[in-house]
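Participant: TSV, C-alpha atoms, saved as protein_10.tsv, coming up:
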chain	number	residue	atom	x	y	z
A	1	MET	CA	18.36	9.15	223.40
A	2	SER	CA	16.86	10.70	220.26
A	3	GLN	CA	16.03	7.19	218.96
A	4	GLU	CA	13.32	6.93	221.62
A	5	LEU	CA	12.39	10.60	221.47
A	6	ARG	CA	8.78	11.40	220.63
A	7	ALA	CA	8.02	15.01	219.79
A	8	VAL	CA	4.29	14.12	219.63
A	9	GLU	CA	2.77	11.70	222.14
A	10	TRP	CA	-0.82	10.85	223.06
A	11	THR	CA	-1.26	10.80	226.84
A	12	GLY	CA	-4.63	9.09	226.97
A	13	THR	CA	-6.52	12.33	227.50
A	14	GLY	CA	-4.56	14.83	225.43
A	15	LEU	CA	-1.45	15.51	223.40
A	16	ALA	CA	2.04	16.01	224.83
A	17	LEU	CA	4.32	18.12	222.62
A	18	ILE	CA	8.00	18.79	223.22
A	19	ASP	CA	8.25	22.58	223.02
A	20	GLN	CA	10.88	23.00	220.34
A	21	THR	CA	11.06	26.75	220.92
A	22	ALA	CA	12.65	26.03	224.33
A	23	LEU	CA	15.39	23.63	223.16
A	24	PRO	CA	18.32	23.13	223.54
A	25	HIS	CA	18.60	24.75	226.96
A	26	ARG	CA	15.28	23.63	228.45
A	27	THR	CA	13.11	20.60	227.88
A	28	VAL	CA	9.50	21.71	228.21
A	29	THR	CA	6.35	19.71	227.47
A	30	VAL	CA	3.18	21.43	226.31
A	31	ILE	CA	0.01	19.50	227.12
A	32	VAL	CA	-2.82	20.08	224.65
A	33	HIS	CA	-6.47	19.56	225.55
A	34	ASP	CA	-8.14	22.02	223.17
A	35	VAL	CA	-8.05	23.05	219.54
A	36	ASP	CA	-6.90	26.64	220.14
A	37	THR	CA	-3.81	25.44	222.01
A	38	LEU	CA	-2.96	22.96	219.26
A	39	VAL	CA	-3.37	25.52	216.46
A	40	ASP	CA	-1.19	27.96	218.40
A	41	ALA	CA	1.45	25.27	218.99
A	42	ILE	CA	1.62	24.46	215.28
A	43	ARG	CA	1.82	28.12	214.24
A	44	ARG	CA	4.45	29.04	216.87
A	45	LEU	CA	6.60	26.02	215.95
A	46	VAL	CA	6.21	24.39	219.35
A	47	VAL	CA	5.75	21.37	217.10
A	48	ARG	CA	7.37	21.58	213.67
A	49	GLY	CA	8.64	19.42	210.85
A	50	ALA	CA	6.15	18.20	208.26
A	51	PRO	CA	5.74	14.61	209.57
A	52	ALA	CA	5.51	15.74	213.21
A	53	ILE	CA	2.90	18.34	212.28
A	54	GLY	CA	1.03	15.60	210.44
A	55	ALA	CA	1.02	13.39	213.54
A	56	ALA	CA	-0.12	16.30	215.70
A	57	GLY	CA	-2.91	17.07	213.22
A	58	ALA	CA	-4.00	13.43	213.23
A	59	TYR	CA	-4.41	13.51	216.99
A	60	GLY	CA	-5.97	16.95	216.65
A	61	VAL	CA	-9.14	15.27	215.40
A	62	ALA	CA	-9.35	13.44	218.74
A	63	ILE	CA	-8.67	16.70	220.58
A	64	ALA	CA	-11.62	18.30	218.76
A	65	LEU	CA	-13.90	15.35	219.56
A	66	LEU	CA	-13.01	15.45	223.25
A	67	GLN	CA	-13.41	19.22	223.46
A	68	GLY	CA	-16.68	19.02	221.59
A	69	ALA	CA	-18.00	16.42	224.03
A	70	ARG	CA	-17.03	18.62	227.00
A	71	GLU	CA	-18.51	21.79	225.55
A	72	GLY	CA	-21.57	20.41	223.81
A	73	TRP	CA	-20.50	21.09	220.21
A	74	THR	CA	-22.56	19.85	217.30
A	75	PRO	CA	-20.80	17.60	214.76
A	76	ALA	CA	-20.67	20.58	212.39
A	77	VAL	CA	-18.89	22.76	214.95
A	78	THR	CA	-16.45	19.95	215.68
A	79	ARG	CA	-15.68	19.60	211.99
A	80	GLU	CA	-15.06	23.35	211.78
A	81	ALA	CA	-12.57	23.04	214.64
A	82	VAL	CA	-10.77	20.23	212.82
A	83	ALA	CA	-10.61	22.43	209.73
A	84	ARG	CA	-8.77	25.08	211.75
A	85	VAL	CA	-6.18	22.50	212.75
A	86	ARG	CA	-5.86	21.37	209.14
A	87	GLU	CA	-5.17	24.93	207.96
A	88	ALA	CA	-2.77	25.93	210.76
A	89	ARG	CA	0.27	25.81	208.43
A	90	PRO	CA	-0.37	25.91	204.69
A	91	THR	CA	2.89	24.68	203.14
A	92	ALA	CA	3.37	21.32	204.88
A	93	VAL	CA	1.04	18.95	203.02
A	94	ASN	CA	1.43	16.21	205.68
A	95	LEU	CA	-0.83	18.16	208.02
A	96	MET	CA	-3.69	18.16	205.53
A	97	VAL	CA	-3.12	14.56	204.41
A	98	CYS	CA	-3.03	13.17	207.94
A	99	VAL	CA	-6.05	15.15	209.15
A	100	ASP	CA	-8.03	14.07	206.08
A	101	ARG	CA	-7.06	10.43	206.65
A	102	VAL	CA	-8.21	10.44	210.27
A	103	MET	CA	-11.40	12.30	209.35
A	104	THR	CA	-12.49	9.28	207.30
A	105	ARG	CA	-13.21	7.65	210.68
A	106	PHE	CA	-14.75	10.70	212.31
A	107	ASP	CA	-18.29	9.27	212.31
A	108	GLU	CA	-17.08	6.07	214.02
A	109	GLY	CA	-16.19	7.94	217.19
A	110	LEU	CA	-13.20	8.62	219.40
A	111	ASP	CA	-11.74	5.11	219.59
A	112	ALA	CA	-11.64	4.77	215.81
A	113	VAL	CA	-10.09	8.24	215.42
A	114	LEU	CA	-7.40	7.45	218.00
A	115	ALA	CA	-6.63	4.12	216.32
A	116	GLU	CA	-6.15	5.86	212.96
A	117	ALA	CA	-3.99	8.60	214.49
A	118	ALA	CA	-1.81	5.97	216.18
A	119	ALA	CA	-1.46	4.22	212.81
A	120	VAL	CA	-0.31	7.49	211.24
A	121	GLN	CA	2.37	7.83	213.90
A	122	ARG	CA	3.49	4.20	213.72
A	123	GLU	CA	3.69	4.20	209.93
A	124	ASP	CA	5.78	7.37	209.92
A	125	VAL	CA	8.40	5.77	212.17
A	126	GLU	CA	8.46	2.68	209.95
A	127	ALA	CA	8.77	4.86	206.85
A	128	ASN	CA	11.64	6.82	208.38
A	129	ARG	CA	13.56	3.64	209.17
A	130	ALA	CA	13.06	2.38	205.63
A	131	MET	CA	14.14	5.62	203.96
A	132	GLY	CA	17.16	5.87	206.26
A	133	ALA	CA	18.42	2.49	205.05
A	134	SER	CA	17.61	3.15	201.39
A	135	GLY	CA	19.13	6.63	201.48
A	136	ALA	CA	22.34	5.39	203.07
A	137	ASP	CA	22.65	2.58	200.52
A	138	TRP	CA	22.11	5.01	197.64
A	139	LEU	CA	24.57	7.59	198.93
A	140	LEU	CA	27.34	5.08	199.53
A	141	LYS	CA	26.90	3.69	196.03
A	142	ARG	CA	26.52	7.12	194.41
A	143	VAL	CA	29.51	8.73	196.13
A	144	GLY	CA	31.62	5.59	195.75
A	145	ALA	CA	34.02	6.58	198.50
A	146	ASP	CA	35.85	3.94	200.53
A	147	ARG	CA	35.87	6.25	203.56
A	148	PRO	CA	33.25	7.73	205.89
A	149	LEU	CA	31.14	10.46	204.29
A	150	ARG	CA	30.93	14.18	205.04
A	151	ILE	CA	27.28	15.25	204.96
A	152	LEU	CA	25.66	18.69	204.93
A	153	THR	CA	22.09	19.10	206.17
A	154	HIS	CA	19.67	21.98	206.58
A	155	CYS	CA	17.02	22.74	209.21
A	156	ASN	CA	15.94	19.88	211.51
A	157	THR	CA	14.78	16.57	210.07
A	158	GLY	CA	15.33	14.21	212.99
A	159	ALA	CA	13.16	12.65	215.65
A	160	LEU	CA	11.97	16.11	216.68
A	161	ALA	CA	10.59	16.79	213.21
A	162	THR	CA	8.84	13.44	212.76
A	163	ALA	CA	6.99	10.76	214.65
A	164	GLY	CA	10.40	9.25	215.44
A	165	TRP	CA	13.90	8.49	214.01
A	166	GLY	CA	13.92	11.16	211.29
A	167	THR	CA	13.94	11.68	207.53
A	168	ALA	CA	17.17	13.30	206.30
A	169	LEU	CA	18.68	12.97	209.77
A	170	GLY	CA	17.51	9.36	209.73
A	171	VAL	CA	19.80	8.81	206.72
A	172	VAL	CA	22.62	10.47	208.67
A	173	ARG	CA	21.95	8.26	211.70
A	174	GLU	CA	21.98	5.14	209.51
A	175	LEU	CA	25.37	6.11	208.05
A	176	HIS	CA	26.65	6.70	211.58
A	177	ALA	CA	25.37	3.31	212.74
A	178	ARG	CA	27.26	1.66	209.87
A	179	GLY	CA	30.49	3.48	210.71
A	180	ARG	CA	30.32	5.35	207.41
A	181	LEU	CA	29.90	8.93	208.67
A	182	GLU	CA	32.84	11.27	209.26
A	183	VAL	CA	31.17	14.59	210.05
A	184	VAL	CA	27.98	16.57	209.60
A	185	TYR	CA	27.77	20.24	208.64
A	186	ALA	CA	24.52	21.48	210.17
A	187	ASP	CA	23.28	24.79	208.77
A	188	GLU	CA	22.01	27.04	211.57
A	189	THR	CA	18.80	27.66	209.57
A	190	ARG	CA	17.32	31.14	209.68
A	191	PRO	CA	15.33	32.69	211.15
A	192	LEU	CA	14.60	30.45	214.15
A	193	LEU	CA	17.85	28.45	214.19
A	194	GLN	CA	16.36	24.97	213.92
A	195	GLY	CA	19.73	23.65	212.81
A	196	SER	CA	21.81	25.03	215.65
A	197	ARG	CA	19.14	24.56	218.32
A	198	LEU	CA	17.59	21.26	217.29
A	199	THR	CA	19.71	19.34	214.77
A	200	ALA	CA	22.88	19.99	216.75
A	201	TRP	CA	21.06	18.90	219.93
A	202	GLU	CA	20.06	15.61	218.31
A	203	LEU	CA	23.57	15.06	216.94
A	204	VAL	CA	24.99	15.58	220.44
A	205	GLN	CA	22.63	12.89	221.79
A	206	GLU	CA	23.96	10.49	219.14
A	207	GLY	CA	27.61	11.38	219.67
A	208	ILE	CA	27.95	12.42	216.02
A	209	GLU	CA	30.82	14.74	215.11
A	210	HIS	CA	29.44	17.94	213.63
A	211	PHE	CA	29.91	21.61	212.90
A	212	VAL	CA	27.17	24.25	213.06
A	213	GLN	CA	27.61	26.81	210.30
A	214	ALA	CA	25.81	29.91	209.06
A	215	ASP	CA	23.41	29.27	206.20
A	216	GLY	CA	25.47	31.63	204.07
A	217	ALA	CA	28.53	29.41	204.56
A	218	ALA	CA	26.93	26.31	203.07
A	219	ALA	CA	27.67	26.97	199.40
A	220	GLY	CA	31.30	27.80	200.11
A	221	THR	CA	31.74	24.67	202.22
A	222	ILE	CA	30.37	22.60	199.32
A	223	LEU	CA	32.44	24.31	196.63
A	224	ARG	CA	35.64	23.90	198.67
A	225	GLY	CA	35.19	20.16	198.45
A	226	GLU	CA	34.49	19.69	202.16
A	227	VAL	CA	31.16	17.90	201.61
A	228	ASP	CA	30.39	14.61	199.85
A	229	ALA	CA	26.61	15.06	199.72
A	230	ALA	CA	23.75	17.18	201.05
A	231	VAL	CA	20.73	15.49	202.61
A	232	VAL	CA	17.64	17.58	203.38
A	233	GLY	CA	13.97	17.07	204.18
A	234	ALA	CA	10.86	18.49	202.52
A	235	ASP	CA	7.53	20.06	203.40
A	236	ARG	CA	5.88	19.43	200.06
A	237	ILE	CA	7.00	17.70	196.88
A	238	ALA	CA	5.17	18.43	193.64
A	239	ALA	CA	4.33	15.82	191.00
A	240	ASN	CA	7.30	16.90	188.89
A	241	GLY	CA	9.78	16.64	191.78
A	242	ASP	CA	9.96	20.35	192.68
A	243	THR	CA	10.53	20.44	196.43
A	244	ALA	CA	9.54	23.00	199.06
A	245	ASN	CA	11.76	23.02	202.13
A	246	LYS	CA	12.98	25.45	204.75
A	247	VAL	CA	14.27	28.67	203.18
A	248	GLY	CA	17.91	28.40	202.14
A	249	THR	CA	17.61	24.93	200.66
A	250	VAL	CA	17.65	25.97	197.00
A	251	GLY	CA	21.09	27.59	197.40
A	252	ILE	CA	22.44	24.30	198.71
A	253	ALA	CA	21.01	22.46	195.71
A	254	LEU	CA	22.59	24.95	193.29
A	255	ALA	CA	25.98	24.57	194.98
A	256	CYS	CA	25.71	20.77	194.87
A	257	ALA	CA	24.90	20.88	191.16
A	258	HIS	CA	27.91	23.09	190.49
A	259	ALA	CA	30.18	20.87	192.58
A	260	GLY	CA	28.83	17.67	191.05
A	261	ILE	CA	27.83	16.06	194.35
A	262	PRO	CA	24.49	14.45	195.27
A	263	PHE	CA	21.61	16.50	196.61
A	264	LEU	CA	19.28	14.02	198.32
A	265	VAL	CA	15.78	14.82	199.57
A	266	ALA	CA	14.40	12.46	202.22
A	267	ALA	CA	10.65	12.52	202.87
A	268	PRO	CA	7.78	10.07	203.33
A	269	THR	CA	5.27	9.58	200.53
A	270	THR	CA	2.78	11.64	202.55
A	271	THR	CA	4.92	14.67	201.66
A	272	VAL	CA	4.45	14.04	197.94
A	273	ASP	CA	1.45	15.98	196.65
A	274	LEU	CA	0.51	14.64	193.24
A	275	ALA	CA	-2.28	17.22	193.06
A	276	THR	CA	0.39	19.94	192.92
A	277	PRO	CA	1.82	19.85	189.38
A	278	ASP	CA	4.96	21.87	190.05
A	279	GLY	CA	6.61	24.22	192.50
A	280	SER	CA	4.83	27.33	191.24
A	281	ALA	CA	1.60	25.97	192.76
A	282	ILE	CA	3.08	25.54	196.26
A	283	HIS	CA	1.92	28.18	198.72
A	284	ILE	CA	4.95	29.72	200.45
A	285	GLU	CA	4.24	30.85	203.98
A	286	LEU	CA	5.42	34.37	204.84
A	287	ARG	CA	6.29	34.78	208.50
A	288	GLY	CA	6.32	37.98	210.55
A	289	GLU	CA	8.80	40.72	209.74
A	290	ASP	CA	10.08	40.98	213.30
A	291	GLU	CA	11.86	37.62	213.02
A	292	ILE	CA	14.43	39.17	210.73
A	293	LEU	CA	14.22	42.86	211.61
A	294	GLU	CA	14.81	42.23	215.33
A	295	TRP	CA	17.03	40.10	217.52
A	296	ALA	CA	15.78	39.11	220.99
A	297	GLY	CA	13.28	41.96	220.87
A	298	THR	CA	15.83	44.61	219.84
A	299	ARG	CA	15.49	46.24	216.43
A	300	THR	CA	18.58	45.52	214.31
A	301	ALA	CA	17.38	47.03	211.02
A	302	PRO	CA	16.55	50.69	210.36
A	303	ALA	CA	13.06	51.69	211.41
A	304	ALA	CA	12.09	52.35	207.79
A	305	SER	CA	13.16	48.89	206.58
A	306	ARG	CA	10.61	46.26	205.67
A	307	GLY	CA	11.14	42.54	206.13
A	308	HIS	CA	10.77	39.82	203.51
A	309	ASN	CA	10.51	36.58	205.46
A	310	PRO	CA	9.50	33.51	203.41
A	311	ALA	CA	9.61	30.39	205.56
A	312	PHE	CA	10.34	28.11	202.60
A	313	ASP	CA	11.79	28.08	199.11
A	314	VAL	CA	11.28	25.69	196.20
A	315	THR	CA	14.11	23.66	194.70
A	316	PRO	CA	13.47	22.68	191.05
A	317	GLY	CA	13.30	18.94	190.46
A	318	SER	CA	16.13	19.29	187.95
A	319	LEU	CA	18.42	19.92	190.94
A	320	VAL	CA	17.17	16.99	193.03
A	321	THR	CA	19.65	14.18	192.42
A	322	GLY	CA	17.64	11.73	194.49
A	323	LEU	CA	14.35	11.59	196.38
A	324	VAL	CA	14.24	8.84	198.98
A	325	THR	CA	10.89	7.75	200.42
A	326	GLU	CA	9.93	4.57	202.23
A	327	ARG	CA	9.52	3.01	198.76
A	328	GLY	CA	13.11	3.60	197.68
A	329	VAL	CA	15.03	6.25	195.74
A	330	LEU	CA	13.89	8.16	192.67
A	331	GLU	CA	16.61	9.91	190.66
A	332	VAL	CA	14.47	12.95	189.94
A	333	SER	CA	17.00	15.00	187.97
A	334	ALA	CA	17.42	11.99	185.67
A	335	GLY	CA	13.70	11.96	184.90
A	336	GLU	CA	12.27	9.59	187.55
A	337	LEU	CA	9.33	11.67	188.74
A	338	PRO	CA	6.99	11.18	191.70
A	339	ALA	CA	3.99	11.49	189.39
A	340	ASP	CA	5.16	8.41	187.45
A	341	HIS	CA	6.24	6.22	190.38
A	342	LEU	CA	4.05	7.00	193.37
A	343	ARG	CA	0.50	6.85	191.99
Represent the structure of the file as structure tokens.

Facilitator:
Amino acid sequence: MSQELRAVEWTGTGLALIDQTALPHRTVTVIVHDVDTLVDAIRRLVVRGAPAIGAAGAYGVAIALLQGAREGWTPAVTREAVARVREARPTAVNLMVCVDRVMTRFDEGLDAVLAEAAAVQREDVEANRAMGASGADWLLKRVGADRPLRILTHCNTGALATAGWGTALGVVRELHARGRLEVVYADETRPLLQGSRLTAWELVQEGIEHFVQADGAAAGTILRGEVDAAVVGADRIAANGDTANKVGTVGIALACAHAGIPFLVAAPTTTVDLATPDGSAIHIELRGEDEILEWAGTRTAPAASRGHNPAFDVTPGSLVTGLVTERGVLEVSAGELPADHLR
């Protein structure tokens, strides 16, 4: 089911987004015909995951053109609307890269923009398939086990987070297809539970054995020897291999380093930002305090407490055993850096 799932789909007149805030209990589709709705959907995580946001942003250029035609915008106003889409989430570089790519055809008109956006989506699916195969090959060789593997993952990196198939979860699905996957430990992922709501939902569709665990349990699970490798996604990868991903990832990487097991990052080359020299230059989005000070609208912290709510953290490249893209695997902690191999 999730193999054919498309979180982002062009309808012919607008954009259909699976509302990921409603899963797993309800399947709701948000139809987008204007820029404000798209920006809101990206910010509220109706659509989320760096590659999926990139695909949505690519089609966002077409949304702006169509809205501009309806409302009599000048080309300058339309470009300003596209810029708002581009800046809707600052950490995920895919959004900016994909919008900028489609904007190279802006002056050619709607058909050219739609063709480029469709190419963005198609290439992401192809990239995901390629990295799934390469990542599975690398893990099986690296772990060297003659049994199915036990994999830990964080946040959601499957079909919901991409144009299709998945990045880190694509590696998991490839292992499963080969009969080389025993179980997945899916971190619940604070504060919006993308692991328990979305990753677990996708694993159920695939019939993959899994446990949902609290983020705080991940390091202990690794250090007890219950995990053979961790596979995660990324929102931005710096030239030196430093990797921004959903908050909680760096603790997993530290535990993997201590336990001596692989920590594999799976992401398309569009997530690699060679203009960002290292992790200190990555903007970390701070989300609203209420997400961690309240639960279902009820205050759980004292009234005087303040909330610190970074959406991402940065894992140093020295902790990234492998980075798999559609071009293969770089062993970043061994000195194979994106800046040297992906120019």

Participant: Hey, which bits of stretch 230-330 of chain A sit within 9 Å of stretch 122-146 of chain A, and for each residue what's the closest pair of atoms and how far apart in Å (one decimal), counting all atoms listed in the file, rows by chain and increasing number, as JSON lines?

Facilitator:
{"residue": "A:Ile261", "atom": "CA", "partner": "A:Val143", "partner_atom": "CA", "distance": 7.7}
{"residue": "A:Pro262", "atom": "CA", "partner": "A:Arg142", "partner_atom": "CA", "distance": 7.7}
{"residue": "A:Leu264", "atom": "CA", "partner": "A:Gly135", "partner_atom": "CA", "distance": 8.0}
{"residue": "A:Ala266", "atom": "CA", "partner": "A:Met131", "partner_atom": "CA", "distance": 7.1}
{"residue": "A:Ala267", "atom": "CA", "partner": "A:Met131", "partner_atom": "CA", "distance": 7.8}
{"residue": "A:Pro268", "atom": "CA", "partner": "A:Ala127", "partner_atom": "CA", "distance": 6.4}
{"residue": "A:Thr269", "atom": "CA", "partner": "A:Ala127", "partner_atom": "CA", "distance": 8.6}
{"residue": "A:Gly322", "atom": "CA", "partner": "A:Trp138", "partner_atom": "CA", "distance": 8.7}
{"residue": "A:Leu323", "atom": "CA", "partner": "A:Gly135", "partner_atom": "CA", "distance": 8.6}
{"residue": "A:Val324", "atom": "CA", "partner": "A:Gly135", "partner_atom": "CA", "distance": 5.9}
{"residue": "A:Thr325", "atom": "CA", "partner": "A:Met131", "partner_atom": "CA", "distance": 5.3}
{"residue": "A:Glu326", "atom": "CA", "partner": "A:Met131", "partner_atom": "CA", "distance": 4.7}
{"residue": "A:Arg327", "atom": "CA", "partner": "A:Met131", "partner_atom": "CA", "distance": 7.4}
{"residue": "A:Gly328", "atom": "CA", "partner": "A:Ser134", "partner_atom": "CA", "distance": 5.8}
{"residue": "A:Val329", "atom": "CA", "partner": "A:Ser134", "partner_atom": "CA", "distance": 6.9}

Participant: Return the single residue from A:Gly166, A:Pro338, A:Gly220, A:Gly307 that is closest to A:Leu274, with distances computed using all atoms listed in the file.

Facilitator: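 Checking each candidate against A:Leu274, we get A:Pro338 as the closest.
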
Participant: Kindly indicate which residue among A:Gly241, A:Glu285, A:Gly297, A:Leu5 lies nearest to A:Thr271, using only C-alpha atoms for the distances.

Facilitator: A:Gly241

Participant: Have a look at atom CA of A:Glu71 and atom CA of A:Val32 and let me know their distance in Å, one decimal.

Facilitator: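 Answer for the atom CA of A:Glu71 to atom CA of A:Val32 separation: 15.8 Å.
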
Participant: With only C-alpha atoms as the atoms that count, which of A:Asp107, A:Pro277, A:Gln205, A:Tyr59 lies nearest to A:Ala76?

Facilitator: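 Of all the options, A:Asp107 lies closest to A:Ala76.
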
Participant: Restricting the calculation to all atoms listed in the file: of A:Pro191, A:Gly158, A:Gly68, A:Pro24, which residue gets closest to A:Asp290?

Facilitator: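 Closest candidate: A:Pro191.
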
Participant: Which is closer to A:Ile53 than all the others in A:Ile237, A:Val97, A:Cys256, A:Val265, using all atoms listed in the file?

Facilitator: A:Val97

Participant: Which residue, A:Glu116, A:Glu9, A:Asp40, A:Asp187, has the smallest gap to A:Gly164 when you use all atoms listed in the file?

Facilitator: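 Among A:Glu116, A:Glu9, A:Asp40, A:Asp187, it is A:Glu9 that comes nearest to A:Gly164.
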
Participant: Neighbouring residues of A:His308 were defined as those with any atom within 9 Å, considering only C-alpha atoms; residues of the same chain fewer than 3 positions away were excluded. Please report them as a list in words.

Facilitator: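 Non-adjacent residues within range: Leu286, Arg287, Gly288, Glu289 and Ile292 of chain A.
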
Participant: Could you tell me, as a count of residues only, which residues have any atom at most 7 Å from (13.9, 28.8, 199.2), counting only C-alpha atoms?

Facilitator: 10

Participant: What gap, in Å, lies between atom CA of A:Pro51 and atom CA of A:Val39?

Facilitator: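 We find that atom CA of A:Pro51 and atom CA of A:Val39 lie 15.8 Å from each other.
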
Participant: Please indicate the distance in Å from atom CA of A:Leu223 to atom CA of A:Glu188, rounded to one decimal place.

Facilitator: 18.4 Å

Participant: Set the distance at 7 Å and use only C-alpha atoms: which residues neighbour stretch 77-94 of chain A once local chain neighbours fewer than 3 positions away are removed? I'd like the list as a PDB file with C-alpha atoms, in the coordinates of the input.

Facilitator:
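Written output follows (out_28.pdb):
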ATOM      1  CA  VAL A  35      -8.050  23.050 219.540  1.00  0.00           C
ATOM      2  CA  VAL A  39      -3.370  25.520 216.460  1.00  0.00           C
ATOM      3  CA  ILE A  42       1.620  24.460 215.280  1.00  0.00           C
ATOM      4  CA  ARG A  43       1.820  28.120 214.240  1.00  0.00           C
ATOM      5  CA  ALA A  50       6.150  18.200 208.260  1.00  0.00           C
ATOM      6  CA  PRO A  51       5.740  14.610 209.570  1.00  0.00           C
ATOM      7  CA  GLY A  54       1.030  15.600 210.440  1.00  0.00           C
ATOM      8  CA  GLY A  57      -2.910  17.070 213.220  1.00  0.00           C
ATOM      9  CA  GLY A  60      -5.970  16.950 216.650  1.00  0.00           C
ATOM     10  CA  VAL A  61      -9.140  15.270 215.400  1.00  0.00           C
ATOM     11  CA  ALA A  64     -11.620  18.300 218.760  1.00  0.00           C
ATOM     12  CA  LEU A  65     -13.900  15.350 219.560  1.00  0.00           C
ATOM     13  CA  GLY A  68     -16.680  19.020 221.590  1.00  0.00           C
ATOM     14  CA  TRP A  73     -20.500  21.090 220.210  1.00  0.00           C
ATOM     15  CA  THR A  74     -22.560  19.850 217.300  1.00  0.00           C
ATOM     16  CA  VAL A  97      -3.120  14.560 204.410  1.00  0.00           C
ATOM     17  CA  CYS A  98      -3.030  13.170 207.940  1.00  0.00           C
ATOM     18  CA  VAL A  99      -6.050  15.150 209.150  1.00  0.00           C
ATOM     19  CA  ASP A 235       7.530  20.060 203.400  1.00  0.00           C
ATOM     20  CA  ARG A 236       5.880  19.430 200.060  1.00  0.00           C
ATOM     21  CA  THR A 270       2.780  11.640 202.550  1.00  0.00           C
ATOM     22  CA  THR A 271       4.920  14.670 201.660  1.00  0.00           C
ATOM     23  CA  ILE A 282       3.080  25.540 196.260  1.00  0.00           C
ATOM     24  CA  HIS A 283       1.920  28.180 198.720  1.00  0.00           C
ATOM     25  CA  ILE A 284       4.950  29.720 200.450  1.00  0.00           C
ATOM     26  CA  GLU A 285       4.240  30.850 203.980  1.00  0.00           C
TER      27      GLU A 285
END

Participant: Find the residues near A:Asp242: any atom within 6 Å, counting all atoms listed in the file, skip ones fewer than 6 places away on the same chain, and give them as a PyMOL selection string.

Facilitator: chain A and resi 278-279+315-317

Participant: Tell me, as a ChimeraX atom specification, which residues lie within 7 Å of A:Ile63, counting only C-alpha atoms; anything in the same chain fewer than 6 positions away does not count.

Facilitator: /A:14,33-35
